[in-house]
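Asker: Below is the file data-v3.tsv, which contains TSV, N, CA, C and O atoms.
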chain	number	residue	atom	x	y	z
A	1	ALA	N	85.30	172.86	113.04
A	1	ALA	CA	85.71	171.54	112.64
A	1	ALA	C	85.33	171.30	111.18
A	1	ALA	O	84.33	171.80	110.71
A	2	VAL	N	86.16	170.54	110.50
A	2	VAL	CA	85.94	170.20	109.09
A	2	VAL	C	86.08	168.70	108.92
A	2	VAL	O	86.96	168.08	109.52
A	3	ALA	N	85.20	168.11	108.10
A	3	ALA	CA	85.28	166.68	107.81
A	3	ALA	C	85.16	166.48	106.30
A	3	ALA	O	84.40	167.19	105.63
A	4	LEU	N	85.91	165.53	105.79
A	4	LEU	CA	85.84	165.17	104.37
A	4	LEU	C	85.24	163.79	104.23
A	4	LEU	O	85.50	162.90	105.04
A	5	GLU	N	84.45	163.61	103.17
A	5	GLU	CA	83.86	162.31	102.87
A	5	GLU	C	84.04	162.06	101.38
A	5	GLU	O	83.86	162.97	100.58
A	6	GLY	N	84.41	160.86	101.02
A	6	GLY	CA	84.62	160.54	99.61
A	6	GLY	C	86.09	160.61	99.25
A	6	GLY	O	86.96	160.54	100.10
A	7	GLU	N	86.35	160.77	97.95
A	7	GLU	CA	87.72	160.73	97.43
A	7	GLU	C	88.28	162.14	97.28
A	7	GLU	O	87.76	162.95	96.51
A	8	TRP	N	89.36	162.42	98.04
A	8	TRP	CA	90.03	163.73	98.03
A	8	TRP	C	91.53	163.51	98.01
A	8	TRP	O	92.02	162.53	98.55
A	9	ILE	N	92.24	164.46	97.45
A	9	ILE	CA	93.70	164.55	97.59
A	9	ILE	C	93.94	165.76	98.49
A	9	ILE	O	93.42	166.85	98.22
A	10	ILE	N	94.73	165.56	99.54
A	10	ILE	CA	95.03	166.64	100.47
A	10	ILE	C	96.47	167.07	100.25
A	10	ILE	O	97.40	166.28	100.40
A	11	LEU	N	96.64	168.33	99.86
A	11	LEU	CA	97.95	168.92	99.61
A	11	LEU	C	98.16	170.07	100.60
A	11	LEU	O	97.20	170.53	101.22
A	12	PRO	N	99.38	170.57	100.74
A	12	PRO	CA	99.64	171.63	101.74
A	12	PRO	C	98.76	172.87	101.57
A	12	PRO	O	98.36	173.47	102.57
A	13	GLU	N	98.44	173.28	100.35
A	13	GLU	CA	97.70	174.52	100.15
A	13	GLU	C	96.30	174.33	99.59
A	13	GLU	O	95.61	175.31	99.33
A	14	LYS	N	95.89	173.09	99.37
A	14	LYS	CA	94.55	172.88	98.80
A	14	LYS	C	94.13	171.43	98.99
A	14	LYS	O	94.94	170.56	99.31
A	15	ILE	N	92.85	171.20	98.79
A	15	ILE	CA	92.32	169.85	98.68
A	15	ILE	C	91.60	169.77	97.34
A	15	ILE	O	91.09	170.77	96.84
A	16	ALA	N	91.58	168.60	96.75
A	16	ALA	CA	90.96	168.43	95.44
A	16	ALA	C	90.11	167.18	95.43
A	16	ALA	O	90.55	166.12	95.89
A	17	ALA	N	88.88	167.31	94.93
A	17	ALA	CA	87.98	166.16	94.80
A	17	ALA	C	88.43	165.29	93.63
A	17	ALA	O	88.58	165.79	92.52
A	18	THR	N	88.65	164.02	93.89
A	18	THR	CA	89.06	163.10	92.82
A	18	THR	C	87.98	162.10	92.48
A	18	THR	O	88.17	161.26	91.60
A	19	GLY	N	86.83	162.19	93.15
A	19	GLY	CA	85.72	161.30	92.88
A	19	GLY	C	84.41	162.06	92.92
A	19	GLY	O	84.32	163.15	93.49
A	20	ALA	N	83.39	161.48	92.32
A	20	ALA	CA	82.06	162.09	92.33
A	20	ALA	C	81.45	161.99	93.73
A	20	ALA	O	81.75	161.08	94.49
A	21	ASN	N	80.61	162.95	94.05
A	21	ASN	CA	79.88	163.01	95.31
A	21	ASN	C	80.78	163.12	96.54
A	21	ASN	O	80.42	162.66	97.62
A	22	ALA	N	81.94	163.74	96.36
A	22	ALA	CA	82.81	164.03	97.51
A	22	ALA	C	82.17	165.15	98.32
A	22	ALA	O	81.52	166.04	97.77
A	23	LYS	N	82.34	165.11	99.64
A	23	LYS	CA	81.68	166.08	100.52
A	23	LYS	C	82.67	166.71	101.49
A	23	LYS	O	83.62	166.07	101.93
A	24	ILE	N	82.38	167.97	101.80
A	24	ILE	CA	83.07	168.69	102.87
A	24	ILE	C	81.99	169.12	103.85
A	24	ILE	O	81.00	169.73	103.44
A	25	LYS	N	82.19	168.83	105.11
A	25	LYS	CA	81.26	169.28	106.16
A	25	LYS	C	82.01	170.23	107.07
A	25	LYS	O	83.11	169.93	107.53
A	26	ILE	N	81.40	171.40	107.31
A	26	ILE	CA	82.03	172.45	108.10
A	26	ILE	C	81.09	172.87	109.21
A	26	ILE	O	79.94	173.26	108.94
A	27	ASN	N	81.57	172.82	110.44
A	27	ASN	CA	80.82	173.36	111.58
A	27	ASN	C	81.18	174.84	111.66
A	27	ASN	O	82.35	175.19	111.78
A	28	PHE	N	80.19	175.72	111.56
A	28	PHE	CA	80.47	177.15	111.50
A	28	PHE	C	79.55	177.94	112.43
A	28	PHE	O	78.52	177.45	112.87
A	29	ASN	N	79.94	179.18	112.69
A	29	ASN	CA	79.12	180.13	113.41
A	29	ASN	C	79.36	181.48	112.74
A	29	ASN	O	80.35	182.15	113.01
A	30	ALA	N	78.46	181.85	111.82
A	30	ALA	CA	78.62	183.08	111.03
A	30	ALA	C	77.32	183.43	110.34
A	30	ALA	O	76.40	182.62	110.25
A	31	GLY	N	77.27	184.63	109.80
A	31	GLY	CA	76.14	185.05	108.99
A	31	GLY	C	76.43	184.90	107.51
A	31	GLY	O	75.52	184.72	106.70
A	32	LYS	N	77.71	185.00	107.16
A	32	LYS	CA	78.13	184.83	105.77
A	32	LYS	C	79.27	183.83	105.71
A	32	LYS	O	80.17	183.86	106.55
A	33	VAL	N	79.22	182.95	104.72
A	33	VAL	CA	80.25	181.93	104.55
A	33	VAL	C	80.70	181.96	103.08
A	33	VAL	O	79.86	181.95	102.17
A	34	PHE	N	82.02	181.99	102.88
A	34	PHE	CA	82.61	182.06	101.54
A	34	PHE	C	83.62	180.93	101.37
A	34	PHE	O	84.14	180.41	102.34
A	35	ALA	N	83.93	180.61	100.11
A	35	ALA	CA	84.99	179.64	99.82
A	35	ALA	C	85.66	180.02	98.50
A	35	ALA	O	84.98	180.45	97.56
A	36	VAL	N	86.95	179.86	98.45
A	36	VAL	CA	87.68	180.01	97.19
A	36	VAL	C	87.72	178.63	96.54
A	36	VAL	O	88.19	177.67	97.15
A	37	MET	N	87.19	178.55	95.34
A	37	MET	CA	87.14	177.27	94.63
A	37	MET	C	87.51	177.48	93.17
A	37	MET	O	87.40	178.59	92.65
A	38	ARG	N	87.93	176.40	92.54
A	38	ARG	CA	88.16	176.41	91.10
A	38	ARG	C	88.01	174.99	90.59
A	38	ARG	O	88.03	174.03	91.35
A	39	GLN	N	87.87	174.88	89.27
A	39	GLN	CA	87.80	173.55	88.65
A	39	GLN	C	89.03	173.37	87.79
A	39	GLN	O	89.57	174.33	87.26
A	40	HIS	N	89.48	172.14	87.69
A	40	HIS	CA	90.57	171.84	86.76
A	40	HIS	C	90.16	170.72	85.81
A	40	HIS	O	90.99	170.04	85.24
A	41	ALA	N	88.85	170.57	85.64
A	41	ALA	CA	88.33	169.51	84.78
A	41	ALA	C	88.00	170.01	83.38
A	41	ALA	O	87.62	169.23	82.52
A	42	GLY	N	88.12	171.33	83.15
A	42	GLY	CA	87.82	171.88	81.84
A	42	GLY	C	86.36	172.20	81.61
A	42	GLY	O	85.97	172.60	80.53
A	43	LYS	N	85.54	172.04	82.64
A	43	LYS	CA	84.12	172.37	82.54
A	43	LYS	C	83.61	172.77	83.91
A	43	LYS	O	84.23	172.46	84.94
A	44	ALA	N	82.49	173.47	83.93
A	44	ALA	CA	81.90	173.91	85.20
A	44	ALA	C	81.51	172.69	86.05
A	44	ALA	O	81.04	171.68	85.52
A	45	ILE	N	81.73	172.81	87.36
A	45	ILE	CA	81.41	171.72	88.28
A	45	ILE	C	80.33	172.19	89.25
A	45	ILE	O	80.51	173.20	89.94
A	46	PRO	N	79.20	171.48	89.32
A	46	PRO	CA	78.16	171.85	90.27
A	46	PRO	C	78.56	171.47	91.70
A	46	PRO	O	79.09	170.39	91.94
A	47	VAL	N	78.30	172.38	92.64
A	47	VAL	CA	78.54	172.14	94.06
A	47	VAL	C	77.23	172.43	94.80
A	47	VAL	O	76.73	173.55	94.75
A	48	GLU	N	76.69	171.41	95.43
A	48	GLU	CA	75.45	171.58	96.21
A	48	GLU	C	75.80	172.09	97.60
A	48	GLU	O	76.70	171.56	98.25
A	49	VAL	N	75.07	173.11	98.06
A	49	VAL	CA	75.29	173.71	99.37
A	49	VAL	C	74.09	173.40	100.25
A	49	VAL	O	72.97	173.79	99.94
A	50	GLN	N	74.35	172.68	101.35
A	50	GLN	CA	73.29	172.36	102.31
A	50	GLN	C	73.61	172.99	103.66
A	50	GLN	O	74.77	173.02	104.08
A	51	LEU	N	72.58	173.49	104.32
A	51	LEU	CA	72.69	174.00	105.68
A	51	LEU	C	71.84	173.11	106.57
A	51	LEU	O	70.63	173.01	106.35
A	52	ASP	N	72.48	172.46	107.52
A	52	ASP	CA	71.79	171.55	108.44
A	52	ASP	C	70.92	170.54	107.69
A	52	ASP	O	69.78	170.26	108.08
A	53	GLY	N	71.45	170.02	106.58
A	53	GLY	CA	70.76	168.97	105.83
A	53	GLY	C	69.73	169.45	104.83
A	53	GLY	O	69.10	168.64	104.16
A	54	ILE	N	69.55	170.77	104.69
A	54	ILE	CA	68.56	171.32	103.76
A	54	ILE	C	69.28	172.02	102.62
A	54	ILE	O	70.10	172.92	102.85
A	55	LEU	N	68.97	171.61	101.38
A	55	LEU	CA	69.60	172.20	100.21
A	55	LEU	C	69.29	173.69	100.14
A	55	LEU	O	68.13	174.09	100.18
A	56	GLN	N	70.34	174.52	100.06
A	56	GLN	CA	70.19	175.96	99.96
A	56	GLN	C	70.31	176.44	98.51
A	56	GLN	O	69.57	177.30	98.07
A	57	LYS	N	71.31	175.89	97.80
A	57	LYS	CA	71.52	176.28	96.41
A	57	LYS	C	72.57	175.37	95.79
A	57	LYS	O	73.24	174.61	96.49
A	58	THR	N	72.69	175.48	94.47
A	58	THR	CA	73.75	174.81	93.74
A	58	THR	C	74.58	175.88	93.04
A	58	THR	O	74.03	176.76	92.38
A	59	ILE	N	75.89	175.81	93.25
A	59	ILE	CA	76.82	176.77	92.66
A	59	ILE	C	77.54	176.08	91.51
A	59	ILE	O	77.98	174.94	91.65
A	60	LEU	N	77.68	176.77	90.38
A	60	LEU	CA	78.49	176.26	89.28
A	60	LEU	C	79.87	176.90	89.38
A	60	LEU	O	80.01	178.10	89.23
A	61	VAL	N	80.88	176.08	89.63
A	61	VAL	CA	82.25	176.56	89.76
A	61	VAL	C	82.93	176.41	88.41
A	61	VAL	O	83.12	175.30	87.93
A	62	ASN	N	83.24	177.54	87.79
A	62	ASN	CA	83.91	177.48	86.50
A	62	ASN	C	85.14	178.38	86.44
A	62	ASN	O	85.88	178.32	85.47
A	63	ASP	N	85.36	179.21	87.44
A	63	ASP	CA	86.52	180.09	87.49
A	63	ASP	C	87.19	179.97	88.84
A	63	ASP	O	86.57	179.55	89.82
A	64	ASP	N	88.43	180.39	88.91
A	64	ASP	CA	89.15	180.52	90.17
A	64	ASP	C	88.60	181.78	90.83
A	64	ASP	O	88.91	182.89	90.39
A	65	ALA	N	87.75	181.63	91.86
A	65	ALA	CA	87.05	182.78	92.42
A	65	ALA	C	86.61	182.54	93.86
A	65	ALA	O	86.60	181.40	94.34
A	66	LEU	N	86.21	183.63	94.50
A	66	LEU	CA	85.60	183.58	95.83
A	66	LEU	C	84.11	183.42	95.62
A	66	LEU	O	83.47	184.27	94.98
A	67	TYR	N	83.53	182.35	96.15
A	67	TYR	CA	82.11	182.07	95.99
A	67	TYR	C	81.39	182.27	97.32
A	67	TYR	O	81.89	181.86	98.37
A	68	THR	N	80.21	182.87	97.27
A	68	THR	CA	79.38	183.04	98.46
A	68	THR	C	78.57	181.76	98.65
A	68	THR	O	77.77	181.39	97.79
A	69	LEU	N	78.80	181.08	99.77
A	69	LEU	CA	78.08	179.85	100.06
A	69	LEU	C	76.76	180.13	100.78
A	69	LEU	O	75.75	179.54	100.47
A	70	LEU	N	76.81	181.04	101.75
A	70	LEU	CA	75.62	181.40	102.54
A	70	LEU	C	75.62	182.87	102.86
A	70	LEU	O	76.68	183.46	103.14
A	71	GLU	N	74.44	183.46	102.86
A	71	GLU	CA	74.22	184.82	103.37
A	71	GLU	C	72.95	184.76	104.20
A	71	GLU	O	71.85	184.72	103.66
A	72	LEU	N	73.11	184.73	105.51
A	72	LEU	CA	71.99	184.62	106.43
A	72	LEU	C	71.67	186.00	107.01
A	72	LEU	O	72.55	186.85	107.11
A	73	PRO	N	70.42	186.21	107.46
A	73	PRO	CA	70.07	187.52	108.03
A	73	PRO	C	70.83	187.84	109.32
A	73	PRO	O	71.04	188.99	109.65
A	74	GLN	N	71.23	186.80	110.04
A	74	GLN	CA	72.03	186.98	111.25
A	74	GLN	C	72.92	185.76	111.45
A	74	GLN	O	72.66	184.70	110.89
A	75	ALA	N	73.94	185.93	112.25
A	75	ALA	CA	74.88	184.82	112.50
A	75	ALA	C	74.16	183.68	113.20
A	75	ALA	O	73.26	183.90	114.02
A	76	LYS	N	74.54	182.48	112.84
A	76	LYS	CA	74.01	181.28	113.51
A	76	LYS	C	75.05	180.19	113.44
A	76	LYS	O	75.98	180.24	112.63
A	77	GLN	N	74.90	179.20	114.29
A	77	GLN	CA	75.77	178.03	114.26
A	77	GLN	C	75.07	176.95	113.47
A	77	GLN	O	73.85	176.78	113.57
A	78	GLY	N	75.83	176.22	112.67
A	78	GLY	CA	75.23	175.15	111.89
A	78	GLY	C	76.28	174.29	111.24
A	78	GLY	O	77.48	174.50	111.40
A	79	ILE	N	75.79	173.32	110.47
A	79	ILE	CA	76.66	172.43	109.71
A	79	ILE	C	76.43	172.74	108.23
A	79	ILE	O	75.32	172.61	107.72
A	80	LEU	N	77.49	173.17	107.57
A	80	LEU	CA	77.45	173.45	106.15
A	80	LEU	C	78.06	172.25	105.44
A	80	LEU	O	79.13	171.79	105.80
A	81	GLU	N	77.34	171.74	104.45
A	81	GLU	CA	77.81	170.58	103.69
A	81	GLU	C	77.88	170.94	102.21
A	81	GLU	O	76.89	171.39	101.65
A	82	LEU	N	79.05	170.75	101.63
A	82	LEU	CA	79.25	170.97	100.21
A	82	LEU	C	79.40	169.61	99.54
A	82	LEU	O	80.25	168.82	99.96
A	83	THR	N	78.60	169.34	98.52
A	83	THR	CA	78.71	168.09	97.77
A	83	THR	C	79.16	168.41	96.36
A	83	THR	O	78.51	169.17	95.65
A	84	VAL	N	80.30	167.86	96.00
A	84	VAL	CA	80.89	168.05	94.67
A	84	VAL	C	80.39	166.89	93.81
A	84	VAL	O	80.77	165.74	94.03
A	85	THR	N	79.56	167.18	92.84
A	85	THR	CA	78.91	166.12	92.08
A	85	THR	C	79.82	165.44	91.06
A	85	THR	O	79.51	164.35	90.59
A	86	GLU	N	80.95	166.09	90.71
A	86	GLU	CA	81.88	165.53	89.74
A	86	GLU	C	83.31	165.76	90.23
A	86	GLU	O	83.56	166.75	90.93
A	87	PRO	N	84.24	164.92	89.86
A	87	PRO	CA	85.64	165.16	90.25
A	87	PRO	C	86.20	166.39	89.54
A	87	PRO	O	85.68	166.80	88.51
A	88	GLY	N	87.25	166.97	90.13
A	88	GLY	CA	87.94	168.08	89.49
A	88	GLY	C	87.84	169.40	90.21
A	88	GLY	O	88.38	170.40	89.75
A	89	LEU	N	87.18	169.45	91.35
A	89	LEU	CA	87.08	170.69	92.12
A	89	LEU	C	88.25	170.83	93.06
A	89	LEU	O	88.67	169.87	93.69
A	90	GLU	N	88.80	172.04	93.15
A	90	GLU	CA	89.84	172.35	94.13
A	90	GLU	C	89.33	173.44	95.04
A	90	GLU	O	88.61	174.31	94.61
Would you mind writing the file's structure down as structure tokens?

Answerer:
Amino acid sequence: AVALEGEWIILPEKIAATGANAKIKINFNAGKVFAVMRQHAGKAIPVEVQLDGILQKTILVNDDALYTLLELPQAKQGILELTVTEPGLE
């Protein structure tokens, strides 16, 4: 399951954050989690990655690329939350 919070534009092939502090929450069961992201704001956009409410890391998205969100020692079920601190992330 996926949930969005904040300001987003939903298009057939992508979603884009149009406001600060927009969030994506993903219920997952895996050891590794990846996302393809890019910015269209002309500058790097920080994305905070939380696992079950605990900050894991902050990723700077500056290129159209596959980003590693989580690498766990073994698969587990949890809630992954991405917080986009500035608008312009796709």

Asker: Do you know which residues are at most 7 Å from Lys57 in chain A counting all atoms listed in the file, after dropping those on the same chain fewer than 5 positions away, and could you put them as a VMD selection string?

Answerer: chain A and resid 47 to 50 69

Asker: Excluding same-chain residues fewer than 4 positions from Lys23 in chain A, what lies within 8 Å of it counting all atoms listed in the file, as a list of chain:residue names?

Answerer: A:Val2, A:Ala3, A:Leu4, A:Glu5, A:Gly6, A:Glu7, A:Trp8, A:Ala17, A:Gly19, A:Glu48, A:Leu80, A:Glu81, A:Leu82, A:Thr83, A:Val84, A:Thr85

Asker: Got time to write the residues from that selection, N, CA, C and O atoms, as a PDB file, in the coordinates of the input?

Answerer:
ATOM      1  N   VAL A   2      86.160 170.540 110.500  1.00  0.00           N
ATOM      2  CA  VAL A   2      85.940 170.200 109.090  1.00  0.00           C
ATOM      3  C   VAL A   2      86.080 168.700 108.920  1.00  0.00           C
ATOM      4  O   VAL A   2      86.960 168.080 109.520  1.00  0.00           O
ATOM      5  N   ALA A   3      85.200 168.110 108.100  1.00  0.00           N
ATOM      6  CA  ALA A   3      85.280 166.680 107.810  1.00  0.00           C
ATOM      7  C   ALA A   3      85.160 166.480 106.300  1.00  0.00           C
ATOM      8  O   ALA A   3      84.400 167.190 105.630  1.00  0.00           O
ATOM      9  N   LEU A   4      85.910 165.530 105.790  1.00  0.00           N
ATOM     10  CA  LEU A   4      85.840 165.170 104.370  1.00  0.00           C
ATOM     11  C   LEU A   4      85.240 163.790 104.230  1.00  0.00           C
ATOM     12  O   LEU A   4      85.500 162.900 105.040  1.00  0.00           O
ATOM     13  N   GLU A   5      84.450 163.610 103.170  1.00  0.00           N
ATOM     14  CA  GLU A   5      83.860 162.310 102.870  1.00  0.00           C
ATOM     15  C   GLU A   5      84.040 162.060 101.380  1.00  0.00           C
ATOM     16  O   GLU A   5      83.860 162.970 100.580  1.00  0.00           O
ATOM     17  N   GLY A   6      84.410 160.860 101.020  1.00  0.00           N
ATOM     18  CA  GLY A   6      84.620 160.540  99.610  1.00  0.00           C
ATOM     19  C   GLY A   6      86.090 160.610  99.250  1.00  0.00           C
ATOM     20  O   GLY A   6      86.960 160.540 100.100  1.00  0.00           O
ATOM     21  N   GLU A   7      86.350 160.770  97.950  1.00  0.00           N
ATOM     22  CA  GLU A   7      87.720 160.730  97.430  1.00  0.00           C
ATOM     23  C   GLU A   7      88.280 162.140  97.280  1.00  0.00           C
ATOM     24  O   GLU A   7      87.760 162.950  96.510  1.00  0.00           O
ATOM     25  N   TRP A   8      89.360 162.420  98.040  1.00  0.00           N
ATOM     26  CA  TRP A   8      90.030 163.730  98.030  1.00  0.00           C
ATOM     27  C   TRP A   8      91.530 163.510  98.010  1.00  0.00           C
ATOM     28  O   TRP A   8      92.020 162.530  98.550  1.00  0.00           O
ATOM     29  N   ALA A  17      88.880 167.310  94.930  1.00  0.00           N
ATOM     30  CA  ALA A  17      87.980 166.160  94.800  1.00  0.00           C
ATOM     31  C   ALA A  17      88.430 165.290  93.630  1.00  0.00           C
ATOM     32  O   ALA A  17      88.580 165.790  92.520  1.00  0.00           O
ATOM     33  N   GLY A  19      86.830 162.190  93.150  1.00  0.00           N
ATOM     34  CA  GLY A  19      85.720 161.300  92.880  1.00  0.00           C
ATOM     35  C   GLY A  19      84.410 162.060  92.920  1.00  0.00           C
ATOM     36  O   GLY A  19      84.320 163.150  93.490  1.00  0.00           O
ATOM     37  N   GLU A  48      76.690 171.410  95.430  1.00  0.00           N
ATOM     38  CA  GLU A  48      75.450 171.580  96.210  1.00  0.00           C
ATOM     39  C   GLU A  48      75.800 172.090  97.600  1.00  0.00           C
ATOM     40  O   GLU A  48      76.700 171.560  98.250  1.00  0.00           O
ATOM     41  N   LEU A  80      77.490 173.170 107.570  1.00  0.00           N
ATOM     42  CA  LEU A  80      77.450 173.450 106.150  1.00  0.00           C
ATOM     43  C   LEU A  80      78.060 172.250 105.440  1.00  0.00           C
ATOM     44  O   LEU A  80      79.130 171.790 105.800  1.00  0.00           O
ATOM     45  N   GLU A  81      77.340 171.740 104.450  1.00  0.00           N
ATOM     46  CA  GLU A  81      77.810 170.580 103.690  1.00  0.00           C
ATOM     47  C   GLU A  81      77.880 170.940 102.210  1.00  0.00           C
ATOM     48  O   GLU A  81      76.890 171.390 101.650  1.00  0.00           O
ATOM     49  N   LEU A  82      79.050 170.750 101.630  1.00  0.00           N
ATOM     50  CA  LEU A  82      79.250 170.970 100.210  1.00  0.00           C
ATOM     51  C   LEU A  82      79.400 169.610  99.540  1.00  0.00           C
ATOM     52  O   LEU A  82      80.250 168.820  99.960  1.00  0.00           O
ATOM     53  N   THR A  83      78.600 169.340  98.520  1.00  0.00           N
ATOM     54  CA  THR A  83      78.710 168.090  97.770  1.00  0.00           C
ATOM     55  C   THR A  83      79.160 168.410  96.360  1.00  0.00           C
ATOM     56  O   THR A  83      78.510 169.170  95.650  1.00  0.00           O
ATOM     57  N   VAL A  84      80.300 167.860  96.000  1.00  0.00           N
ATOM     58  CA  VAL A  84      80.890 168.050  94.670  1.00  0.00           C
ATOM     59  C   VAL A  84      80.390 166.890  93.810  1.00  0.00           C
ATOM     60  O   VAL A  84      80.770 165.740  94.030  1.00  0.00           O
ATOM     61  N   THR A  85      79.560 167.180  92.840  1.00  0.00           N
ATOM     62  CA  THR A  85      78.910 166.120  92.080  1.00  0.00           C
ATOM     63  C   THR A  85      79.820 165.440  91.060  1.00  0.00           C
ATOM     64  O   THR A  85      79.510 164.350  90.590  1.00  0.00           O
TER      65      THR A  85
END

Asker: Just checking: using all atoms listed in the file, which residue out of A:Ala20, A:Val61, A:Ala1, A:Leu11 ends up closest to Gly78 in chain A?

Answerer: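 Result for the nearest residue to Gly78 in chain A: A:Ala1.
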
Asker: Using only N, CA, C and O atoms, find the one residue out of A:Asn62, A:Ile15, A:Ile79, A:Ile9 that sits nearest to Gly42 in chain A.

Answerer: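 Closest candidate: A:Asn62.
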
Asker: Which residues come within 12 Å of range 64-67 of chain A, counting only C-alpha atoms, excluding same-chain residues fewer than 2 positions away, as a tab-separated table (two decimals) with N, CA, C and O atoms, in the frame of the given file?

Answerer:
chain	number	residue	atom	x	y	z
A	32	LYS	N	77.71	185.00	107.16
A	32	LYS	CA	78.13	184.83	105.77
A	32	LYS	C	79.27	183.83	105.71
A	32	LYS	O	80.17	183.86	106.55
A	33	VAL	N	79.22	182.95	104.72
A	33	VAL	CA	80.25	181.93	104.55
A	33	VAL	C	80.70	181.96	103.08
A	33	VAL	O	79.86	181.95	102.17
A	34	PHE	N	82.02	181.99	102.88
A	34	PHE	CA	82.61	182.06	101.54
A	34	PHE	C	83.62	180.93	101.37
A	34	PHE	O	84.14	180.41	102.34
A	35	ALA	N	83.93	180.61	100.11
A	35	ALA	CA	84.99	179.64	99.82
A	35	ALA	C	85.66	180.02	98.50
A	35	ALA	O	84.98	180.45	97.56
A	36	VAL	N	86.95	179.86	98.45
A	36	VAL	CA	87.68	180.01	97.19
A	36	VAL	C	87.72	178.63	96.54
A	36	VAL	O	88.19	177.67	97.15
A	37	MET	N	87.19	178.55	95.34
A	37	MET	CA	87.14	177.27	94.63
A	37	MET	C	87.51	177.48	93.17
A	37	MET	O	87.40	178.59	92.65
A	38	ARG	N	87.93	176.40	92.54
A	38	ARG	CA	88.16	176.41	91.10
A	38	ARG	C	88.01	174.99	90.59
A	38	ARG	O	88.03	174.03	91.35
A	39	GLN	N	87.87	174.88	89.27
A	39	GLN	CA	87.80	173.55	88.65
A	39	GLN	C	89.03	173.37	87.79
A	39	GLN	O	89.57	174.33	87.26
A	40	HIS	N	89.48	172.14	87.69
A	40	HIS	CA	90.57	171.84	86.76
A	40	HIS	C	90.16	170.72	85.81
A	40	HIS	O	90.99	170.04	85.24
A	44	ALA	N	82.49	173.47	83.93
A	44	ALA	CA	81.90	173.91	85.20
A	44	ALA	C	81.51	172.69	86.05
A	44	ALA	O	81.04	171.68	85.52
A	45	ILE	N	81.73	172.81	87.36
A	45	ILE	CA	81.41	171.72	88.28
A	45	ILE	C	80.33	172.19	89.25
A	45	ILE	O	80.51	173.20	89.94
A	47	VAL	N	78.30	172.38	92.64
A	47	VAL	CA	78.54	172.14	94.06
A	47	VAL	C	77.23	172.43	94.80
A	47	VAL	O	76.73	173.55	94.75
A	49	VAL	N	75.07	173.11	98.06
A	49	VAL	CA	75.29	173.71	99.37
A	49	VAL	C	74.09	173.40	100.25
A	49	VAL	O	72.97	173.79	99.94
A	58	THR	N	72.69	175.48	94.47
A	58	THR	CA	73.75	174.81	93.74
A	58	THR	C	74.58	175.88	93.04
A	58	THR	O	74.03	176.76	92.38
A	59	ILE	N	75.89	175.81	93.25
A	59	ILE	CA	76.82	176.77	92.66
A	59	ILE	C	77.54	176.08	91.51
A	59	ILE	O	77.98	174.94	91.65
A	60	LEU	N	77.68	176.77	90.38
A	60	LEU	CA	78.49	176.26	89.28
A	60	LEU	C	79.87	176.90	89.38
A	60	LEU	O	80.01	178.10	89.23
A	61	VAL	N	80.88	176.08	89.63
A	61	VAL	CA	82.25	176.56	89.76
A	61	VAL	C	82.93	176.41	88.41
A	61	VAL	O	83.12	175.30	87.93
A	62	ASN	N	83.24	177.54	87.79
A	62	ASN	CA	83.91	177.48	86.50
A	62	ASN	C	85.14	178.38	86.44
A	62	ASN	O	85.88	178.32	85.47
A	69	LEU	N	78.80	181.08	99.77
A	69	LEU	CA	78.08	179.85	100.06
A	69	LEU	C	76.76	180.13	100.78
A	69	LEU	O	75.75	179.54	100.47
A	70	LEU	N	76.81	181.04	101.75
A	70	LEU	CA	75.62	181.40	102.54
A	70	LEU	C	75.62	182.87	102.86
A	70	LEU	O	76.68	183.46	103.14
A	71	GLU	N	74.44	183.46	102.86
A	71	GLU	CA	74.22	184.82	103.37
A	71	GLU	C	72.95	184.76	104.20
A	71	GLU	O	71.85	184.72	103.66
A	89	LEU	N	87.18	169.45	91.35
A	89	LEU	CA	87.08	170.69	92.12
A	89	LEU	C	88.25	170.83	93.06
A	89	LEU	O	88.67	169.87	93.69
A	90	GLU	N	88.80	172.04	93.15
A	90	GLU	CA	89.84	172.35	94.13
A	90	GLU	C	89.33	173.44	95.04
A	90	GLU	O	88.61	174.31	94.61

Asker: Hey, what's within 7 Å of Gly31 in chain A if we count all atoms listed in the file and toss same-chain stuff fewer than 3 positions away? As a list in words, please?

Answerer: Leu70, Glu71, Leu72, Pro73, Gln74, Ala75 and Lys76 of chain A

Asker: Between atom O of Phe28 in chain A and atom O of Asp52 in chain A, measure the distance and give it in Å to one decimal.

Answerer: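 Atom O of Asp52 in chain A lies 12.3 Å from atom O of Phe28 in chain A.
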
Asker: To one decimal place in Å, what is the distance between atom O of Ile26 in chain A and atom O of Leu51 in chain A?

Answerer: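 That distance, rounded to one decimal, is 9.7 Å.
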
Asker: What does the distance from CA of Gly53 in chain A to CA of Ile10 in chain A come to in Å, to one decimal?

Answerer: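 If I compute the distance from CA of Gly53 in chain A to CA of Ile10 in chain A, I get 25.0 Å.
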
Asker: Which of chain A counts as strand (DSSP E) under DSSP, as a VMD selection string please?

Answerer: chain A and resid 2 to 5 8 to 10 15 to 17 22 to 37 45 to 51 54 to 61 65 to 84

Asker: Pick out the closest residue to Lys43 in chain A from this set: A:Asp63, A:Asn21, A:Ala30, A:Lys14. Count only N, CA, C and O atoms.

Answerer: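 Of the candidates, the smallest distance to Lys43 in chain A is held by A:Asp63.
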